[in-house]
$ cat data.txt   # compact mmCIF, C-alpha atoms and all ligand atoms
# COMPACT_ATOMS: atom_id res chain seq x y z
CA MET A 1 121.66 106.01 95.12
CA ASP A 2 123.04 107.31 98.39
CA GLY A 3 120.14 106.27 100.60
CA VAL A 4 117.26 103.82 100.74
CA LEU A 5 114.22 104.21 102.97
CA PHE A 6 112.06 101.18 103.66
CA ASP A 7 108.42 100.72 104.49
CA VAL A 8 107.90 98.19 107.33
CA ASP A 9 104.61 96.33 107.00
CA ASP A 10 104.42 93.84 104.14
CA THR A 11 107.82 95.09 102.98
CA LEU A 12 110.34 94.04 105.67
CA ILE A 13 107.84 92.33 107.98
CA ASP A 14 105.36 89.70 106.80
CA THR A 15 102.45 91.56 108.37
CA ARG A 16 99.85 89.70 106.34
CA ALA A 17 101.02 86.41 107.86
CA ALA A 18 100.94 87.95 111.34
CA PHE A 19 97.41 89.26 110.68
CA THR A 20 96.40 85.72 109.77
CA VAL A 21 97.77 84.30 113.03
CA ALA A 22 96.08 87.05 115.04
CA TRP A 23 92.74 86.65 113.27
CA GLU A 24 92.81 82.87 113.74
CA VAL A 25 92.78 83.56 117.48
CA ALA A 26 90.29 86.44 117.27
CA VAL A 27 87.90 84.49 115.03
CA GLY A 28 87.97 81.59 117.48
CA GLN A 29 86.93 83.84 120.35
CA PHE A 30 84.76 86.52 118.74
CA LEU A 31 83.38 85.00 115.52
CA PRO A 32 82.57 81.46 116.69
CA ALA A 33 80.15 80.88 113.81
CA LEU A 34 83.12 80.96 111.42
CA GLY A 35 85.62 78.18 110.96
CA PRO A 36 89.36 78.12 110.32
CA GLY A 37 88.65 78.05 106.57
CA ASP A 38 87.06 81.50 106.80
CA VAL A 39 90.09 83.24 108.25
CA ASP A 40 91.65 84.12 104.89
CA ALA A 41 88.49 85.95 103.80
CA VAL A 42 88.44 87.85 107.10
CA VAL A 43 92.09 88.84 106.65
CA ARG A 44 91.34 90.01 103.11
CA SER A 45 88.61 92.32 104.47
CA TRP A 46 90.89 93.53 107.25
CA ARG A 47 93.73 94.36 104.86
CA ALA A 48 91.47 95.93 102.23
CA ASP A 49 89.99 98.32 104.86
CA VAL A 50 87.51 99.53 102.24
CA ASP A 51 86.17 102.26 104.53
CA GLY A 52 89.66 103.73 104.74
CA TYR A 53 89.82 103.84 108.53
CA TYR A 54 93.57 103.31 108.75
CA ALA A 55 94.11 105.93 106.08
CA ALA A 56 91.98 108.34 108.15
CA TYR A 57 94.37 107.71 111.05
CA THR A 58 97.43 108.37 108.88
CA GLN A 59 95.79 111.60 107.68
CA GLY A 60 95.29 112.79 111.26
CA ARG A 61 91.49 112.54 110.98
CA MET A 62 90.91 109.69 113.45
CA SER A 63 92.68 108.38 116.55
CA TYR A 64 94.50 105.08 116.38
CA THR A 65 92.05 103.44 118.79
CA GLU A 66 88.98 104.74 116.96
CA GLN A 67 90.16 103.54 113.57
CA ARG A 68 90.91 100.10 114.91
CA TRP A 69 87.59 99.82 116.74
CA ARG A 70 85.66 100.87 113.63
CA ARG A 71 87.74 98.60 111.43
CA VAL A 72 87.10 95.53 113.60
CA ASN A 73 83.40 96.26 113.64
CA ALA A 74 83.37 96.69 109.86
CA VAL A 75 85.00 93.28 109.46
CA HIS A 76 82.57 91.77 111.97
CA ALA A 77 79.60 93.31 110.14
CA GLU A 78 80.81 91.81 106.87
CA HIS A 79 81.35 88.35 108.37
CA GLY A 80 78.34 88.07 110.69
CA GLY A 81 80.10 88.98 113.92
CA PRO A 82 78.96 91.19 116.79
CA ALA A 83 79.33 94.97 116.94
CA LEU A 84 81.76 95.40 119.81
CA ASP A 85 81.12 98.09 122.41
CA GLU A 86 84.07 99.91 123.88
CA ALA A 87 84.80 97.38 126.64
CA GLU A 88 84.40 94.47 124.23
CA PHE A 89 86.69 96.17 121.75
CA HIS A 90 89.41 96.53 124.37
CA ALA A 91 89.04 92.85 125.27
CA TRP A 92 89.25 91.96 121.56
CA ASN A 93 92.28 94.18 121.11
CA THR A 94 94.17 92.55 123.99
CA VAL A 95 93.62 89.10 122.51
CA TYR A 96 94.37 90.20 118.96
CA GLU A 97 97.44 92.26 119.80
CA GLU A 98 99.08 89.51 121.85
CA ALA A 99 98.71 87.04 118.98
CA PHE A 100 99.74 89.64 116.40
CA GLN A 101 102.90 90.67 118.22
CA GLY A 102 103.81 87.04 118.84
CA ALA A 103 103.74 86.45 115.08
CA TRP A 104 105.92 89.35 113.97
CA ALA A 105 108.61 88.00 111.63
CA ALA A 106 110.71 89.34 108.79
CA PHE A 107 110.51 88.19 105.20
CA ASP A 108 113.38 85.87 104.27
CA ASP A 109 114.83 88.49 101.93
CA ALA A 110 114.69 91.50 104.29
CA LEU A 111 117.90 91.19 106.29
CA ALA A 112 120.05 90.38 103.26
CA ALA A 113 118.58 93.28 101.28
CA MET A 114 119.41 95.77 104.02
CA ASP A 115 122.88 94.28 104.51
CA ALA A 116 123.66 94.42 100.77
CA LEU A 117 122.90 98.14 100.72
CA ARG A 118 124.84 98.87 103.90
CA SER A 119 127.84 96.92 102.57
CA ALA A 120 127.76 99.08 99.44
CA GLY A 121 127.86 102.23 101.57
CA VAL A 122 124.20 103.11 101.06
CA ALA A 123 122.49 104.71 104.05
CA VAL A 124 119.40 102.80 105.20
CA GLY A 125 116.38 104.08 107.09
CA ILE A 126 112.68 103.55 107.70
CA VAL A 127 109.61 105.66 106.89
CA THR A 128 106.42 104.08 108.20
CA ASN A 129 102.74 104.85 108.65
CA ALA A 130 102.64 103.44 112.16
CA ARG A 131 104.06 104.81 115.42
CA SER A 132 107.84 104.78 115.57
CA ASP A 133 108.10 103.03 118.96
CA TYR A 134 105.72 100.28 117.82
CA GLN A 135 107.65 99.77 114.58
CA ARG A 136 111.00 99.75 116.37
CA ALA A 137 109.70 96.97 118.62
CA LYS A 138 108.36 95.11 115.58
CA LEU A 139 111.68 95.23 113.74
CA GLU A 140 113.60 94.18 116.86
CA ARG A 141 111.23 91.28 117.49
CA ALA A 142 111.74 90.20 113.88
CA GLY A 143 115.52 90.15 114.31
CA LEU A 144 116.35 93.03 111.98
CA ASP A 145 118.97 95.68 112.76
CA VAL A 146 116.82 98.71 113.42
CA PRO A 147 118.13 101.70 111.45
CA GLU A 148 118.91 104.84 113.41
CA VAL A 149 116.65 106.81 111.07
CA LEU A 150 113.07 105.72 111.67
CA VAL A 151 110.34 108.22 110.87
CA GLY A 152 106.86 107.23 111.99
CA VAL A 153 103.38 108.68 111.65
CA ASP A 154 103.93 110.31 115.05
CA ARG A 155 106.53 112.71 113.60
CA PHE A 156 104.03 115.03 111.93
CA GLY A 157 100.72 113.44 112.94
CA VAL A 158 100.24 112.43 109.31
CA GLY A 159 101.82 109.68 107.26
CA LYS A 160 102.63 108.77 103.68
CA PRO A 161 101.91 109.99 101.05
CA ASP A 162 102.46 113.39 102.72
CA PRO A 163 105.78 114.53 101.23
CA ARG A 164 107.07 115.78 104.58
CA ILE A 165 107.52 112.29 105.97
CA PHE A 166 109.57 111.10 102.98
CA LEU A 167 111.70 114.26 103.08
CA ALA A 168 112.24 113.84 106.83
CA GLY A 169 113.58 110.36 106.11
CA ALA A 170 116.06 111.64 103.53
CA GLU A 171 117.05 114.49 105.83
CA GLY A 172 117.68 111.98 108.61
CA LEU A 173 119.95 109.98 106.31
CA GLY A 174 121.65 113.18 105.15
CA THR A 175 120.99 112.29 101.52
CA ASP A 176 119.63 114.33 98.64
CA PRO A 177 116.01 113.23 98.07
CA ALA A 178 116.75 112.78 94.35
CA ARG A 179 119.48 110.28 95.31
CA THR A 180 117.27 108.51 97.87
CA ALA A 181 114.97 105.63 97.03
CA TYR A 182 111.84 104.56 98.86
CA VAL A 183 110.64 100.96 98.70
CA GLY A 184 107.21 99.84 99.85
CA ASP A 185 104.38 97.48 98.96
CA GLU A 186 101.67 100.09 98.32
CA LEU A 187 101.75 101.58 94.85
CA GLU A 188 99.99 104.86 95.63
CA VAL A 189 101.02 105.59 99.18
CA ASP A 190 104.58 104.32 98.92
CA ALA A 191 106.03 104.38 95.40
CA LEU A 192 104.02 107.21 93.85
CA GLY A 193 104.05 109.15 97.13
CA ALA A 194 107.83 108.98 97.20
CA ILE A 195 108.10 110.14 93.59
CA ARG A 196 105.79 113.10 94.26
CA ALA A 197 108.06 114.04 97.18
CA GLY A 198 111.09 114.03 94.86
CA LEU A 199 112.54 110.63 95.76
CA ARG A 200 112.88 107.52 93.63
CA GLY A 201 109.92 105.18 94.11
CA LEU A 202 110.20 101.39 94.07
CA TRP A 203 107.09 99.27 94.37
CA LEU A 204 107.51 95.91 96.05
CA ASP A 205 104.87 93.78 94.35
CA ARG A 206 105.35 90.39 95.98
CA PRO A 207 103.36 87.82 93.99
CA GLY A 208 99.88 87.16 95.38
CA THR A 209 99.95 89.78 98.14
CA ARG A 210 98.10 92.83 96.78
CA ARG A 211 95.47 94.32 99.11
CA HIS A 212 93.25 95.43 96.24
CA GLU A 213 92.95 94.61 92.60
CA ILE A 214 95.14 96.98 90.61
CA PRO A 215 94.37 97.35 86.90
CA ASP A 216 97.31 96.82 84.54
CA SER A 217 96.67 100.31 83.15
CA THR A 218 97.30 101.76 86.63
CA VAL A 219 100.59 99.88 86.88
CA THR A 220 101.62 101.03 83.42
CA ALA A 221 100.80 104.65 84.28
CA ALA A 222 102.81 104.38 87.51
CA MET A 223 105.80 103.01 85.64
CA THR A 224 105.53 105.90 83.18
CA SER A 225 105.72 108.18 86.24
CA GLY A 226 108.98 106.49 87.19
CA VAL A 227 107.84 103.71 89.55
CA VAL A 228 110.14 100.69 89.42
CA PRO A 229 108.39 97.42 90.33
CA LEU A 230 110.25 94.69 92.22
CA PRO A 231 109.01 91.11 92.76
CA SER A 232 111.12 90.71 95.91
CA LEU A 233 113.70 92.54 98.01
CA THR A 234 116.39 90.29 96.55
CA HIS A 235 116.08 92.44 93.44
CA LEU A 236 116.52 95.72 95.32
CA ALA A 237 120.29 96.14 95.63
CA PRO A 238 121.04 94.88 92.07
CA THR A 239 118.39 97.26 90.68
CA LEU A 240 119.75 100.28 92.53
CA LEU A 241 123.45 99.55 92.38
CA ASN A 242 123.68 98.17 88.83
CA PRO A 243 120.97 100.02 86.91
CA PRO A 244 120.48 98.68 83.38
CA ALA A 245 122.13 100.72 80.63
CA ARG A 246 119.67 102.98 78.86
MG MG A 301 103.47 98.43 103.74

$ encode --input "data.txt" --output "structure tokens" --more "lines below"
Ligand SMILES: [Mg+2]
Amino acid sequence: MDGVLFDVDDTLIDTRAAFTVAWEVAVGQFLPALGPGDVDAVVRSWRADVDGYYAAYTQGRMSYTEQRWRRVNAVHAEHGGPALDEAEFHAWNTVYEEAFQGAWAAFDDALAAMDALRSAGVAVGIVTNARSDYQRAKLERAGLDVPEVLVGVDRFGVGKPDPRIFLAGAEGLGTDPARTAYVGDELEVDALGAIRAGLRGLWLDRPGTRRHEIPDSTVTAAMTSGVVPLPSLTHLAPTLLNPPAR
């Protein structure tokens, strides 16, 4: 492999943990009937996003603000909270965003995984389904060296799994897509999306962190398509640099 492109959220950054911190604050202010013990269920709903609002944003079908407003209200509806009007949503968002940004932190294995690749002469970049300036700030806050190549959803107005965004990442690195790997925590959008774009696709399947239930048959089919699962980023450089003999 000549290049590796990383996803950001739940791959390099422990976004789920930051969501939990942010929702603890938001639940306290906006869902007072719930207690601290309910926060995990709220975060599960938020991450699952069963109505696909965030996906609609990454497909250019909904603005960032609209998807977030609808998504909060969907979570509130599920957990007995109020439907926020526009002014209330903006108040919610200020509270939530401050707590969320304050909790941005990298996974313990992220920095070492990037360094191991760089030391081996592998080019490293980012392809993400959020805005590039927001993700740059997130990576900086988390203490990671922000790669020069960082392609966000703002590049084309659409995100993964659109092949253009993966190919733009490889082009930025100056690497052949077939010799470029993509690693992310979402099987469809990240690993299979990368493979469909002509890259290698690695699926970071950290134990206990899936957003949805994924049947074993789906995982098996993905592996048949070439997806390589990884339980942590510690496994990334050894997997790419010392592939097992066939
Ligand atoms: Mg992710």

$ closest_residue --input "data.txt" --among "A:Tyr182, A:Tyr134, A:Tyr96, A:Trp203" --to "Val27 of chain A" --atoms "all atoms listed in the file"
A:Tyr96

$ closest_residue --input "data.txt" --among "A:His212, A:Arg118, A:His90, A:Lys138" --to "Ala18 of chain A" --atoms "only C-alpha atoms"
A:Lys138

$ closest_residue --input "data.txt" --among "A:Gly80, A:Gly193, A:Gly28, A:Pro231" --to "Trp92 of chain A" --atoms "all atoms listed in the file"
A:Gly28

$ axis_aligned_box --input "data.txt" --around "segment 39-49 of chain A" --padding-each-side "4 Å" --output "AutoDock Vina command-line options"
--center_x 91.1 --center_y 90.8 --center_z 105.2 --size_x 13.3 --size_y 23.1 --size_z 14.0

$ closest_atom_pairs --input "data.txt" --of "chain A" --to "ligand MG 301 (chain A)" --cutoff "7 Å" --atoms "all atoms listed in the file" --output "JSON lines"
{"residue": "A:Asp7", "atom": "CA", "partner": "A:MG301", "partner_atom": "MG", "distance": 5.5}
{"residue": "A:Val8", "atom": "CA", "partner": "A:MG301", "partner_atom": "MG", "distance": 5.7}
{"residue": "A:Asp9", "atom": "CA", "partner": "A:MG301", "partner_atom": "MG", "distance": 4.0}
{"residue": "A:Asp10", "atom": "CA", "partner": "A:MG301", "partner_atom": "MG", "distance": 4.7}
{"residue": "A:Thr11", "atom": "CA", "partner": "A:MG301", "partner_atom": "MG", "distance": 5.5}
{"residue": "A:Gly184", "atom": "CA", "partner": "A:MG301", "partner_atom": "MG", "distance": 5.6}
{"residue": "A:Asp185", "atom": "CA", "partner": "A:MG301", "partner_atom": "MG", "distance": 5.0}
{"residue": "A:Glu186", "atom": "CA", "partner": "A:MG301", "partner_atom": "MG", "distance": 5.9}

$ residues_around --input "data.txt" --residues "segment 34-45 of chain A" --least-positions-apart "6" --cutoff "7 Å" --atoms "only C-alpha atoms" --output "list in words"
Phe19, Thr20, Trp23, Glu24, Val27 and Val75 of chain A

$ residues_near_point --input "data.txt" --point "(123.4, 109.9, 100.4)" --cutoff "12 Å" --atoms "all atoms listed in the file" --output "JSON, numbers by chain"
{"A": [1, 2, 3, 4, 5, 117, 118, 120, 121, 122, 123, 124, 125, 169, 170, 171, 172, 173, 174, 175, 176, 177, 178, 179, 180, 181, 199]}

$ atom_distance --input "data.txt" --atom1 "atom CA of Pro229 of chain A" --atom2 "atom CA of Ala113 of chain A"
15.5 Å

$ closest_residue --input "data.txt" --among "A:Val219, A:Ile13, A:Ala116, A:Leu167" --to "Ile195 of chain A" --atoms "only C-alpha atoms"
A:Leu167

$ closest_residue --input "data.txt" --among "A:Val149, A:Ala17, A:Ala83, A:Val127" --to "Phe100 of chain A" --atoms "all atoms listed in the file"
A:Ala17

$ residues_around --input "data.txt" --residues "Asn73 of chain A" --least-positions-apart "6" --cutoff "9 Å" --atoms "only C-alpha atoms" --output "MDAnalysis selection string"
chainID A and resid 81:84 89

$ residues_around --input "data.txt" --residues "Gln59 of chain A" --least-positions-apart "6" --cutoff "10 Å" --atoms "all atoms listed in the file" --output "PyMOL selection string"
chain A and resi 53+129+153+156-162

$ closest_residue --input "data.txt" --among "A:Ala103, A:Ser119, A:Ile126, A:Ala26" --to "Ala91 of chain A" --atoms "all atoms listed in the file"
A:Ala26

$ atom_distance --input "data.txt" --atom1 "atom CA of Ser232 of chain A" --atom2 "atom CA of Asp109 of chain A"
7.4 Å

$ residues_around --input "data.txt" --residues "Tyr64 of chain A" --least-positions-apart "3" --cutoff "10 Å" --atoms "all atoms listed in the file" --output "PyMOL selection string"
chain A and resi 53-54+56-58+60-61+67-69+130-131
